[in-house]
file target-v4.cif (mmCIF, C-alpha atoms and all ligand atoms)
data_run
#
loop_
_atom_site.label_atom_id
_atom_site.label_comp_id
_atom_site.auth_asym_id
_atom_site.auth_seq_id
_atom_site.Cartn_x
_atom_site.Cartn_y
_atom_site.Cartn_z
CA MET A 1 23.58 76.19 131.53
CA VAL A 2 27.12 77.22 132.40
CA THR A 3 29.76 77.24 129.73
CA THR A 4 33.22 78.71 129.97
CA GLY A 5 34.96 81.76 128.61
CA SER A 6 31.90 83.41 127.16
CA ASN A 7 30.66 86.98 127.20
CA SER A 8 27.23 85.87 126.09
CA ALA A 9 24.20 86.89 128.17
CA ARG A 10 22.88 83.31 128.10
CA THR A 11 25.92 81.32 129.07
CA PRO A 12 28.00 83.01 131.75
CA GLY A 13 31.25 81.17 132.44
CA PRO A 14 32.45 80.81 136.04
CA PRO A 15 33.29 83.82 138.24
CA LEU A 16 36.98 82.94 138.14
CA TRP A 17 38.09 85.92 140.20
CA LEU A 18 36.33 86.46 143.52
CA LEU A 19 37.09 89.71 145.33
CA ALA A 20 36.06 89.75 148.99
CA GLU A 21 35.94 93.35 150.20
CA LEU A 22 35.98 92.30 153.83
CA THR A 23 35.50 95.74 155.33
CA TYR A 24 35.33 99.43 154.43
CA ARG A 25 37.16 100.26 157.67
CA CYS A 26 40.66 101.60 157.02
CA PRO A 27 43.15 103.56 159.12
CA LEU A 28 44.38 105.48 156.07
CA GLN A 29 42.76 108.28 154.08
CA CYS A 30 43.91 107.99 150.44
CA PRO A 31 42.19 110.61 148.29
CA TYR A 32 41.99 108.12 145.40
CA CYS A 33 40.35 105.24 147.29
CA SER A 34 38.01 103.22 145.09
CA ASN A 35 35.55 102.59 147.96
CA PRO A 36 32.17 104.27 147.46
CA LEU A 37 31.85 107.85 148.70
CA ASP A 38 29.04 106.81 151.05
CA PHE A 39 30.90 103.82 152.51
CA ALA A 40 30.12 105.01 156.04
CA ALA A 41 26.38 104.46 155.42
CA GLN A 42 26.69 100.83 154.37
CA GLY A 43 25.27 97.93 156.38
CA GLY A 44 26.95 95.56 158.84
CA GLU A 45 29.84 93.36 157.73
CA LEU A 46 29.39 89.70 156.91
CA SER A 47 30.43 87.36 159.72
CA THR A 48 33.27 84.85 159.41
CA ALA A 49 30.79 82.03 158.75
CA GLU A 50 28.98 84.07 156.09
CA TRP A 51 32.25 84.83 154.29
CA ILE A 52 33.31 81.20 154.33
CA ASP A 53 29.95 80.24 152.90
CA VAL A 54 30.46 82.80 150.10
CA PHE A 55 33.90 81.32 149.38
CA ARG A 56 32.41 77.81 149.28
CA GLN A 57 29.54 78.71 146.98
CA ALA A 58 31.74 80.69 144.58
CA ARG A 59 34.29 77.87 144.49
CA GLU A 60 31.54 75.41 143.59
CA LEU A 61 30.70 77.70 140.71
CA GLY A 62 34.31 77.65 139.50
CA ALA A 63 36.00 80.59 141.26
CA ALA A 64 39.76 79.97 141.44
CA GLN A 65 41.38 83.16 142.64
CA LEU A 66 40.39 84.97 145.82
CA GLY A 67 41.36 88.55 146.67
CA LEU A 68 40.99 89.63 150.29
CA SER A 69 40.73 93.39 150.27
CA GLY A 70 38.91 96.35 151.79
CA GLY A 71 39.16 99.09 153.15
CA GLU A 72 42.01 97.54 155.07
CA PRO A 73 41.39 93.79 155.43
CA LEU A 74 43.83 93.59 158.36
CA VAL A 75 41.29 95.29 160.63
CA ARG A 76 39.30 92.04 160.52
CA GLN A 77 40.26 89.76 163.39
CA ASP A 78 39.36 86.57 161.51
CA LEU A 79 41.84 86.71 158.63
CA VAL A 80 43.68 83.53 159.60
CA GLU A 81 40.40 81.65 159.71
CA LEU A 82 39.32 83.04 156.34
CA ILE A 83 42.69 82.25 154.76
CA ARG A 84 42.62 78.71 156.11
CA ALA A 85 39.12 78.16 154.71
CA ALA A 86 40.22 79.55 151.34
CA ARG A 87 43.17 77.16 151.27
CA GLU A 88 40.99 74.16 152.18
CA LEU A 89 38.61 75.08 149.37
CA GLY A 90 41.53 75.17 146.92
CA TYR A 91 41.71 78.91 146.17
CA TYR A 92 44.81 80.82 145.14
CA SER A 93 44.52 83.62 147.70
CA ASN A 94 45.88 87.13 147.66
CA LEU A 95 45.86 89.65 150.52
CA ILE A 96 45.64 93.21 149.20
CA THR A 97 46.79 95.49 151.99
CA SER A 98 48.32 98.83 152.90
CA GLY A 99 50.55 96.95 155.34
CA ILE A 100 49.18 98.97 158.26
CA GLY A 101 48.35 96.54 161.05
CA LEU A 102 50.61 93.84 159.62
CA THR A 103 53.24 92.28 161.89
CA GLU A 104 55.93 89.67 161.33
CA ALA A 105 53.85 87.27 163.41
CA LYS A 106 50.82 87.80 161.15
CA VAL A 107 52.89 87.38 158.00
CA ALA A 108 54.05 84.02 159.39
CA ALA A 109 50.55 82.99 160.58
CA PHE A 110 49.02 83.81 157.19
CA ALA A 111 51.69 81.73 155.45
CA GLU A 112 51.02 78.83 157.78
CA ALA A 113 47.26 79.13 157.09
CA GLY A 114 47.94 78.90 153.36
CA LEU A 115 47.99 82.46 151.98
CA ASP A 116 49.68 82.49 148.57
CA HIS A 117 50.37 86.12 147.97
CA ILE A 118 50.52 89.51 149.72
CA GLN A 119 50.35 92.78 147.80
CA ILE A 120 51.42 95.90 149.68
CA SER A 121 50.45 99.33 148.42
CA PHE A 122 52.53 102.45 148.88
CA GLN A 123 51.39 106.04 148.41
CA ALA A 124 54.82 107.35 147.36
CA ALA A 125 58.52 106.56 147.57
CA ASP A 126 59.22 109.72 149.58
CA GLU A 127 58.45 109.23 153.24
CA GLU A 128 56.93 112.67 153.76
CA LEU A 129 54.63 112.51 150.73
CA ASN A 130 53.66 108.92 151.46
CA ASN A 131 52.65 109.82 155.01
CA LEU A 132 50.85 112.97 153.95
CA LEU A 133 48.72 111.06 151.44
CA ALA A 134 48.11 108.19 153.85
CA GLY A 135 47.34 110.47 156.81
CA SER A 136 49.75 108.65 159.13
CA GLY A 137 53.22 109.70 160.21
CA LYS A 138 54.28 106.08 160.63
CA ALA A 139 52.86 104.59 157.43
CA TYR A 140 56.00 104.62 155.26
CA ALA A 141 58.32 103.00 157.81
CA GLN A 142 55.70 100.34 158.55
CA LYS A 143 55.23 99.54 154.85
CA VAL A 144 58.97 99.20 154.23
CA ALA A 145 59.35 96.94 157.27
CA MET A 146 56.43 94.75 156.21
CA ALA A 147 57.57 94.55 152.59
CA ARG A 148 60.85 93.13 153.92
CA ALA A 149 58.98 90.68 156.16
CA VAL A 150 56.82 89.50 153.26
CA LYS A 151 59.92 88.87 151.17
CA ALA A 152 61.66 87.09 154.04
CA HIS A 153 58.73 84.67 154.35
CA GLY A 154 59.05 83.62 150.73
CA TYR A 155 55.86 85.14 149.33
CA PRO A 156 56.03 86.54 145.81
CA MET A 157 56.78 90.21 146.44
CA VAL A 158 54.21 92.47 144.78
CA LEU A 159 54.22 96.19 145.36
CA ASN A 160 51.58 98.55 144.14
CA PHE A 161 51.91 102.29 143.64
CA VAL A 162 48.90 104.31 142.56
CA THR A 163 50.42 107.15 140.58
CA HIS A 164 48.90 110.59 140.01
CA ARG A 165 50.08 114.11 139.39
CA HIS A 166 51.52 114.52 142.90
CA ASN A 167 53.86 111.51 142.82
CA ILE A 168 54.36 110.46 139.20
CA ASP A 169 57.35 112.76 138.66
CA ARG A 170 59.26 110.63 141.18
CA ILE A 171 58.75 107.42 139.23
CA ASP A 172 62.52 106.80 139.19
CA ARG A 173 62.65 106.91 143.00
CA ILE A 174 59.60 104.61 143.17
CA ILE A 175 61.28 102.04 140.93
CA GLU A 176 64.55 102.31 142.87
CA LEU A 177 62.68 101.62 146.11
CA CYS A 178 61.00 98.57 144.60
CA ILE A 179 64.36 97.21 143.43
CA GLU A 180 65.82 97.87 146.88
CA LEU A 181 62.92 95.93 148.45
CA GLU A 182 63.51 93.06 145.98
CA ALA A 183 60.03 93.25 144.51
CA ASP A 184 59.20 90.55 141.97
CA TYR A 185 56.30 92.52 140.47
CA VAL A 186 55.62 96.23 140.63
CA GLU A 187 52.32 97.74 139.60
CA LEU A 188 52.70 101.38 138.63
CA ALA A 189 49.02 102.03 138.15
CA THR A 190 47.87 105.50 137.28
CA CYS A 191 44.73 106.45 139.16
CA GLN A 192 41.45 105.17 137.77
CA PHE A 193 38.69 107.67 138.32
CA TYR A 194 36.04 106.04 140.49
CA GLY A 195 34.98 106.64 144.09
CA TRP A 196 37.17 109.19 145.85
CA ALA A 197 39.49 109.51 142.86
CA GLN A 198 36.60 110.74 140.73
CA LEU A 199 35.79 113.34 143.38
CA ASN A 200 39.43 114.51 143.27
CA ARG A 201 40.02 114.07 139.56
CA ALA A 202 41.15 117.64 138.87
CA GLY A 203 43.87 117.26 141.50
CA LEU A 204 44.99 113.77 140.49
CA LEU A 205 44.93 113.32 136.71
CA PRO A 206 48.53 113.70 135.48
CA SER A 207 49.25 115.84 132.44
CA LYS A 208 50.15 114.10 129.21
CA ALA A 209 53.75 115.30 129.56
CA GLN A 210 53.99 113.80 133.07
CA LEU A 211 52.60 110.54 131.85
CA GLU A 212 54.88 110.29 128.81
CA ARG A 213 57.93 111.03 130.92
CA ALA A 214 56.95 108.39 133.50
CA GLU A 215 56.39 105.78 130.80
CA ARG A 216 59.72 106.59 129.15
CA ILE A 217 61.61 106.26 132.45
CA THR A 218 59.78 102.98 133.23
CA ASN A 219 60.78 101.62 129.83
CA GLU A 220 64.41 102.62 130.44
CA TYR A 221 64.37 100.74 133.75
CA ARG A 222 62.71 97.74 132.09
CA GLU A 223 65.50 97.60 129.55
CA ARG A 224 68.19 97.95 132.22
CA LEU A 225 66.61 95.18 134.32
CA ARG A 226 66.30 92.94 131.26
CA VAL A 227 69.98 93.37 130.36
CA GLN A 228 70.96 92.58 133.99
CA GLY A 229 68.72 89.50 133.99
CA HIS A 230 66.97 91.03 137.01
CA PRO A 231 63.70 89.28 137.98
CA CYS A 232 61.76 92.48 138.83
CA LYS A 233 58.83 93.05 136.43
CA LEU A 234 57.43 96.56 136.02
CA ILE A 235 53.78 96.84 135.05
CA PHE A 236 52.81 100.32 133.91
CA VAL A 237 49.08 101.08 133.73
CA THR A 238 48.11 104.29 131.94
CA PRO A 239 44.84 106.05 132.75
CA ASP A 240 42.30 105.44 130.02
CA TYR A 241 41.69 109.20 129.93
CA TYR A 242 44.64 109.33 127.51
CA GLU A 243 43.36 106.55 125.26
CA GLU A 244 41.15 106.73 122.17
CA ARG A 245 39.54 103.35 122.79
CA PRO A 246 38.03 102.16 126.06
CA LYS A 247 39.49 99.42 128.25
CA ALA A 248 37.83 96.01 128.34
CA CYS A 249 36.66 96.76 131.87
CA MET A 250 36.46 93.59 134.01
CA ASN A 251 36.89 91.69 130.74
CA GLY A 252 33.20 92.37 130.20
CA TRP A 253 30.39 92.83 132.70
CA GLY A 254 29.63 89.62 134.63
CA SER A 255 32.24 87.74 132.63
CA LEU A 256 34.73 86.54 135.25
CA PHE A 257 34.81 89.05 138.12
CA LEU A 258 32.59 88.80 141.20
CA ASP A 259 32.93 91.38 143.96
CA ILE A 260 31.27 90.92 147.34
CA THR A 261 31.15 94.10 149.44
CA PRO A 262 31.44 94.12 153.26
CA ASP A 263 27.67 93.93 153.76
CA GLY A 264 27.24 91.11 151.24
CA THR A 265 26.11 93.09 148.21
CA ALA A 266 27.32 91.31 145.08
CA LEU A 267 28.71 93.48 142.28
CA PRO A 268 30.19 92.82 138.83
CA CYS A 269 32.95 95.36 139.63
CA HIS A 270 34.08 97.33 142.69
CA SER A 271 32.45 100.58 141.49
CA ALA A 272 29.04 99.35 140.39
CA ARG A 273 27.46 100.26 143.72
CA GLN A 274 27.22 103.83 142.39
CA LEU A 275 24.96 102.77 139.54
CA PRO A 276 21.16 103.08 139.80
CA ILE A 277 20.83 99.29 139.69
CA ARG A 278 19.58 97.09 142.52
CA PHE A 279 22.27 94.49 143.09
CA PRO A 280 21.56 91.26 144.98
CA ASN A 281 22.91 90.39 148.42
CA VAL A 282 24.43 87.08 149.48
CA ARG A 283 22.27 87.19 152.62
CA GLU A 284 19.19 86.83 150.41
CA HIS A 285 20.34 84.85 147.37
CA SER A 286 22.73 82.06 146.51
CA ILE A 287 25.88 82.92 144.56
CA ARG A 288 24.60 80.70 141.75
CA HIS A 289 21.39 82.74 141.48
CA ILE A 290 23.30 86.02 141.75
CA TRP A 291 25.80 85.10 139.04
CA GLN A 292 23.52 83.37 136.60
CA GLU A 293 20.04 84.79 137.10
CA SER A 294 20.09 88.22 138.76
CA SER A 295 19.08 91.17 136.64
CA GLY A 296 22.01 93.24 137.95
CA PHE A 297 24.58 90.76 136.64
CA ASN A 298 22.74 90.24 133.35
CA ARG A 299 22.14 93.95 132.75
CA PHE A 300 25.23 94.53 130.57
CA ARG A 301 26.22 90.98 129.65
CA GLY A 302 26.79 90.16 126.01
CA TYR A 303 26.15 92.69 123.25
CA ASP A 304 22.37 93.13 123.02
CA TRP A 305 22.27 96.04 125.49
CA MET A 306 24.69 98.10 123.40
CA PRO A 307 23.67 101.36 121.76
CA GLU A 308 25.27 102.61 118.57
CA PRO A 309 28.09 103.06 117.73
CA CYS A 310 29.13 100.14 120.02
CA ARG A 311 26.56 97.69 118.64
CA SER A 312 27.94 97.76 115.10
CA CYS A 313 31.57 98.40 116.10
CA ASP A 314 34.04 95.77 114.95
CA GLU A 315 36.01 96.22 118.21
CA LYS A 316 33.13 95.38 120.56
CA GLU A 317 34.42 91.85 121.18
CA LYS A 318 37.72 93.36 122.23
CA ASP A 319 36.54 96.07 124.64
CA PHE A 320 32.95 94.97 125.44
CA GLY A 321 31.85 98.60 125.16
CA GLY A 322 34.31 99.84 127.80
CA CYS A 323 33.38 100.70 131.36
CA ARG A 324 29.75 101.01 132.47
CA CYS A 325 30.67 102.85 135.66
CA GLN A 326 32.66 105.43 133.73
CA ALA A 327 29.80 105.90 131.28
CA PHE A 328 27.48 106.52 134.22
CA LEU A 329 29.82 108.82 136.15
CA LEU A 330 30.54 110.97 133.11
CA THR A 331 27.25 110.96 131.19
CA GLY A 332 24.64 109.98 133.79
CA ASP A 333 23.61 106.82 131.89
CA ALA A 334 25.50 103.54 132.31
CA ALA A 335 24.17 102.28 128.97
CA ASN A 336 25.90 105.05 127.01
CA PRO A 337 29.14 104.38 125.16
CA ASP A 338 32.18 104.88 127.38
CA PRO A 339 33.25 108.49 126.65
CA VAL A 340 36.88 107.37 126.50
CA CYS A 341 36.08 106.02 123.04
CA ALA A 342 36.79 108.58 120.32
CA LYS A 343 33.66 107.31 118.54
CA SER A 344 31.45 108.34 121.49
CA ASP A 345 29.51 111.58 121.00
CA ARG A 346 30.57 112.51 124.57
CA HIS A 347 34.31 112.09 124.01
CA ASP A 348 34.49 115.87 124.57
CA LEU A 349 34.20 115.12 128.32
CA ILE A 350 37.51 113.27 128.19
CA LEU A 351 39.14 115.94 126.03
CA ASP A 352 38.04 118.58 128.58
CA ALA A 353 39.58 116.55 131.41
CA ARG A 354 42.85 116.28 129.49
CA ARG A 355 42.84 120.04 128.92
CA GLU A 356 42.16 120.63 132.61
CA ALA A 357 45.14 118.44 133.49
CA GLN A 358 47.47 120.78 131.55
CA GLU A 359 46.56 123.55 133.97
CA ALA A 360 47.69 124.06 137.55
CA ALA A 361 46.13 121.42 139.77
CA PRO A 362 44.68 121.98 143.23
CA ALA A 363 47.36 121.59 145.91
CA LEU A 364 47.63 118.30 147.72
CA GLU A 365 46.06 119.78 150.84
CA GLN A 366 42.96 120.73 148.86
CA LEU A 367 42.13 117.16 147.94
CA GLN A 368 39.14 115.56 149.64
CA PHE A 369 40.69 112.82 151.77
CA ARG A 370 38.74 109.63 152.38
CA ASN A 371 37.50 109.43 155.92
CA GLU A 372 34.36 108.60 157.75
CA LYS A 373 33.39 112.17 158.55
CA ALA A 374 33.66 113.22 154.90
CA SER A 375 31.74 110.13 153.85
CA ARG A 376 28.89 110.92 156.26
CA LEU A 377 28.71 114.50 155.02
CA ILE A 378 28.60 113.26 151.42
CA CYS A 379 25.74 110.85 152.37
CA LYS A 380 23.76 113.72 153.90
CA GLY A 381 24.48 116.14 151.06
FE1 LIG B 401 32.40 99.16 136.83
FE2 LIG B 401 34.17 99.45 134.80
S1 LIG B 401 34.48 99.88 136.92
S2 LIG B 401 32.21 98.49 134.76
#

call {"tool": "encode", "arguments": {"input": "target-v4.cif", "output": "structure tokens"}}
result
Amino acid sequence: MVTTGSNSARTPGPPLWLLAELTYRCPLQCPYCSNPLDFAAQGGELSTAEWIDVFRQARELGAAQLGLSGGEPLVRQDLVELIRAARELGYYSNLITSGIGLTEAKVAAFAEAGLDHIQISFQAADEELNNLLAGSGKAYAQKVAMARAVKAHGYPMVLNFVTHRHNIDRIDRIIELCIELEADYVELATCQFYGWAQLNRAGLLPSKAQLERAERITNEYRERLRVQGHPCKLIFVTPDYYEERPKACMNGWGSLFLDITPDGTALPCHSARQLPIRFPNVREHSIRHIWQESSGFNRFRGYDWMPEPCRSCDEKEKDFGGCRCQAFLLTGDAANPDPVCAKSDRHDLILDARREAQEAAPALEQLQFRNEKASRLICKG
């Protein structure tokens, strides 16, 4: 039944990229967090043994890369055990962390257990702004110290900055910091509008002028680094709100990405929980059943589900119809064309958002920060 590299509904290839969202608990409060708004209402976390069983089953199905994320995965006390199991199963494993809760001893213990890669995210290159966004007066100093520790232990050094209208004008300072920390890869990823970022979109979406300036400065740095033979690679991700064609989200629904949430719900992307689709849980079904047979994973596989103009579009094999979550969040129906596409009859929604971004944005303090109290209120409301 299983064949590789296909976006066909009948022959799903392996879930090459397994993302284990170990917990929704997090000491920080980023207003652009991709966790669901109602994270506080979700069920109990999978145990260590349940996670290892998920890793084993997914590996048997062909998963090769494992992301350990959250929330903040470091709040789990069993990370060494999980990392060791991942190594024994033959995964390439990546810890995606804010760095809060990391220590030199943990960095060393994770390396010894077989972790391949640690990615640390920053909120900004300015200490004050970083700490304001994170909601912790110590966050910046801790991140810098842990970035140095990660480098010292010989991991590939990957730094991630989510950029938005409150920090993107300091892109030069961000890049300088990354060079100073000897980063090998830097992700300068403009906010994607899901979860808390969608709630705060008016205060986060950069204007076109901000974005163009940031891209120009990044390109200037790229050229300078290239001429110097410097190893640092800058990856600049623009928000699709400024595109005329949608992104190939997840490389197609149920194509290679499998996300397991803290309570064991299996999703084809980290945002799909918001969709009015019943997704299976690893406590009730095998990963094989979930990936190959479940209606949730088959819902938008292949091309048969597509409405016009996607169905007859000659670019559908390139973008797979864009993002289902974005279609749902913006139009109320996940089966609609992604409004980012200029061919969509709801592209006006994107044009309105761009227009809004030219105007004065809400102040930083007015953003809705991610925390448990806000999440509970959102659940009730
Ligand atoms: Fe869910 Fe794009 S984020 S399909």

call {"tool": "closest_residue", "arguments": {"input": "target-v4.cif", "among": "A:Gly195, A:Pro15, A:Gly62, A:Gly137", "to": "Met250 of chain A", "atoms": "all atoms listed in the file"}}
result
A:Pro15

call {"tool": "residues_near_ligand", "arguments": {"input": "target-v4.cif", "ligand": "ligand LIG 401 (chain B)", "cutoff": "6 Å", "atoms": "all atoms listed in the file", "output": "short mmCIF file (atom, residue, chain, number, x, y, z; two decimals) with C-alpha atoms, keeping the file's coordinate frame"}}
result
data_model
loop_
_atom_site.label_atom_id
_atom_site.label_comp_id
_atom_site.auth_asym_id
_atom_site.auth_seq_id
_atom_site.Cartn_x
_atom_site.Cartn_y
_atom_site.Cartn_z
CA CYS A 249 36.66 96.76 131.87
CA CYS A 269 32.95 95.36 139.63
CA SER A 271 32.45 100.58 141.49
CA ALA A 272 29.04 99.35 140.39
CA CYS A 323 33.38 100.70 131.36
CA ARG A 324 29.75 101.01 132.47
CA CYS A 325 30.67 102.85 135.66
#

call {"tool": "residues_around", "arguments": {"input": "target-v4.cif", "residues": "segment 363-373 of chain A", "least_positions_apart": "3", "cutoff": "7 Å", "atoms": "all atoms listed in the file", "output": "list in words"}}
result
Gln29, Cys30, Pro31, Cys33, Ala40, Trp196, Asn200, Gly203, Arg376 and Leu377 of chain A

call {"tool": "closest_atom_pairs", "arguments": {"input": "target-v4.cif", "of": "segment 227-318 of chain A", "to": "segment 350-358 of chain A", "cutoff": "12 Å", "atoms": "all atoms listed in the file", "output": "JSON lines"}}
result
{"residue": "A:Pro239", "atom": "CA", "partner": "A:Arg354", "partner_atom": "CA", "distance": 10.9}
{"residue": "A:Asp240", "atom": "CA", "partner": "A:Ile350", "partner_atom": "CA", "distance": 9.4}
{"residue": "A:Tyr241", "atom": "CA", "partner": "A:Ile350", "partner_atom": "CA", "distance": 6.1}
{"residue": "A:Tyr242", "atom": "CA", "partner": "A:Arg354", "partner_atom": "CA", "distance": 7.4}
{"residue": "A:Glu243", "atom": "CA", "partner": "A:Ile350", "partner_atom": "CA", "distance": 9.4}
{"residue": "A:Glu244", "atom": "CA", "partner": "A:Ile350", "partner_atom": "CA", "distance": 9.6}
{"residue": "A:Arg245", "atom": "CA", "partner": "A:Ile350", "partner_atom": "CA", "distance": 11.5}
{"residue": "A:Pro246", "atom": "CA", "partner": "A:Ile350", "partner_atom": "CA", "distance": 11.3}

call {"tool": "atom_distance", "arguments": {"input": "target-v4.cif", "atom1": "atom CA of Trp305 of chain A", "atom2": "atom CA of Pro337 of chain A"}}
result
10.8 Å

call {"tool": "closest_residue", "arguments": {"input": "target-v4.cif", "among": "A:Pro73, A:Gly252, A:Pro156, A:Gly264", "to": "Leu46 of chain A", "atoms": "only C-alpha atoms"}}
result
A:Gly264

call {"tool": "residues_near_point", "arguments": {"input": "target-v4.cif", "point": "(57.1, 111.4, 148.5)", "cutoff": "10 Å", "atoms": "all atoms listed in the file", "output": "count of residues only"}}
result
19

call {"tool": "residues_around", "arguments": {"input": "target-v4.cif", "residues": "Ser312 of chain A", "least_positions_apart": "6", "cutoff": "12 Å", "atoms": "all atoms listed in the file", "output": "tab-separated table (two decimals) with C-alpha atoms, in the coordinates of the input"}}
result
chain	number	residue	atom	x	y	z
A	303	TYR	CA	26.15	92.69	123.25
A	304	ASP	CA	22.37	93.13	123.02
A	305	TRP	CA	22.27	96.04	125.49
A	306	MET	CA	24.69	98.10	123.40
A	320	PHE	CA	32.95	94.97	125.44
A	321	GLY	CA	31.85	98.60	125.16
A	343	LYS	CA	33.66	107.31	118.54

call {"tool": "atom_distance", "arguments": {"input": "target-v4.cif", "atom1": "atom CA of Ala108 of chain A", "atom2": "atom CA of His153 of chain A"}}
result
6.9 Å

call {"tool": "closest_residue", "arguments": {"input": "target-v4.cif", "among": "A:Ile120, A:Leu102, A:Ile260, A:Leu18", "to": "Arg283 of chain A", "atoms": "all atoms listed in the file"}}
result
A:Ile260

call {"tool": "decode", "arguments": {"input": "target-v4.cif", "residues": "segment 328-377 of chain A", "atoms": "C-alpha atoms", "output": "JSON list (two decimals), in the first residue's frame"}}
result
[["chain", "number", "residue", "atom", "x", "y", "z"],
["A", 328, "PHE", "CA", -10.43, 27.91, 7.40],
["A", 329, "LEU", "CA", -9.24, 30.78, 9.59],
["A", 330, "LEU", "CA", -9.93, 33.39, 6.92],
["A", 331, "THR", "CA", -13.01, 32.05, 5.12],
["A", 332, "GLY", "CA", -14.58, 29.62, 7.61],
["A", 333, "ASP", "CA", -14.21, 26.63, 5.27],
["A", 334, "ALA", "CA", -10.98, 24.62, 5.09],
["A", 335, "ALA", "CA", -11.90, 23.31, 1.63],
["A", 336, "ASN", "CA", -11.88, 26.79, 0.10],
["A", 337, "PRO", "CA", -8.91, 27.98, -1.94],
["A", 338, "ASP", "CA", -6.24, 29.58, 0.24],
["A", 339, "PRO", "CA", -7.06, 33.33, 0.06],
["A", 340, "VAL", "CA", -3.36, 34.10, -0.38],
["A", 341, "CYS", "CA", -3.79, 32.98, -3.98],
["A", 342, "ALA", "CA", -4.64, 35.90, -6.28],
["A", 343, "LYS", "CA", -6.98, 33.52, -8.14],
["A", 344, "SER", "CA", -9.10, 33.00, -5.00],
["A", 345, "ASP", "CA", -12.36, 34.95, -4.90],
["A", 346, "ARG", "CA", -11.50, 35.82, -1.27],
["A", 347, "HIS", "CA", -8.08, 37.30, -2.00],
["A", 348, "ASP", "CA", -9.62, 40.61, -0.85],
["A", 349, "LEU", "CA", -9.14, 39.34, 2.74],
["A", 350, "ILE", "CA", -5.38, 39.33, 2.21],
["A", 351, "LEU", "CA", -5.41, 42.69, 0.46],
["A", 352, "ASP", "CA", -7.35, 44.14, 3.43],
["A", 353, "ALA", "CA", -4.76, 42.75, 5.85],
["A", 354, "ARG", "CA", -1.95, 44.32, 3.81],
["A", 355, "ARG", "CA", -3.78, 47.66, 3.85],
["A", 356, "GLU", "CA", -4.27, 47.39, 7.61],
["A", 357, "ALA", "CA", -0.54, 46.79, 8.03],
["A", 358, "GLN", "CA", 0.22, 50.18, 6.42],
["A", 359, "GLU", "CA", -1.62, 51.85, 9.28],
["A", 360, "ALA", "CA", -0.49, 52.38, 12.86],
["A", 361, "ALA", "CA", -0.40, 49.06, 14.67],
["A", 362, "PRO", "CA", -1.58, 48.42, 18.22],
["A", 363, "ALA", "CA", 1.23, 49.02, 20.73],
["A", 364, "LEU", "CA", 3.18, 46.06, 21.97],
["A", 365, "GLU", "CA", 1.44, 46.21, 25.34],
["A", 366, "GLN", "CA", -1.93, 45.81, 23.64],
["A", 367, "LEU", "CA", -1.10, 42.42, 22.18],
["A", 368, "GLN", "CA", -2.79, 39.39, 23.69],
["A", 369, "PHE", "CA", 0.06, 37.47, 25.30],
["A", 370, "ARG", "CA", -0.11, 33.69, 25.46],
["A", 371, "ASN", "CA", -0.73, 32.48, 28.95],
["A", 372, "GLU", "CA", -2.92, 30.02, 30.73],
["A", 373, "LYS", "CA", -5.36, 32.57, 32.12],
["A", 374, "ALA", "CA", -5.98, 34.08, 28.68],
["A", 375, "SER", "CA", -6.33, 30.60, 27.21],
["A", 376, "ARG", "CA", -8.96, 29.63, 29.80],
["A", 377, "LEU", "CA", -10.91, 32.82, 29.16]]
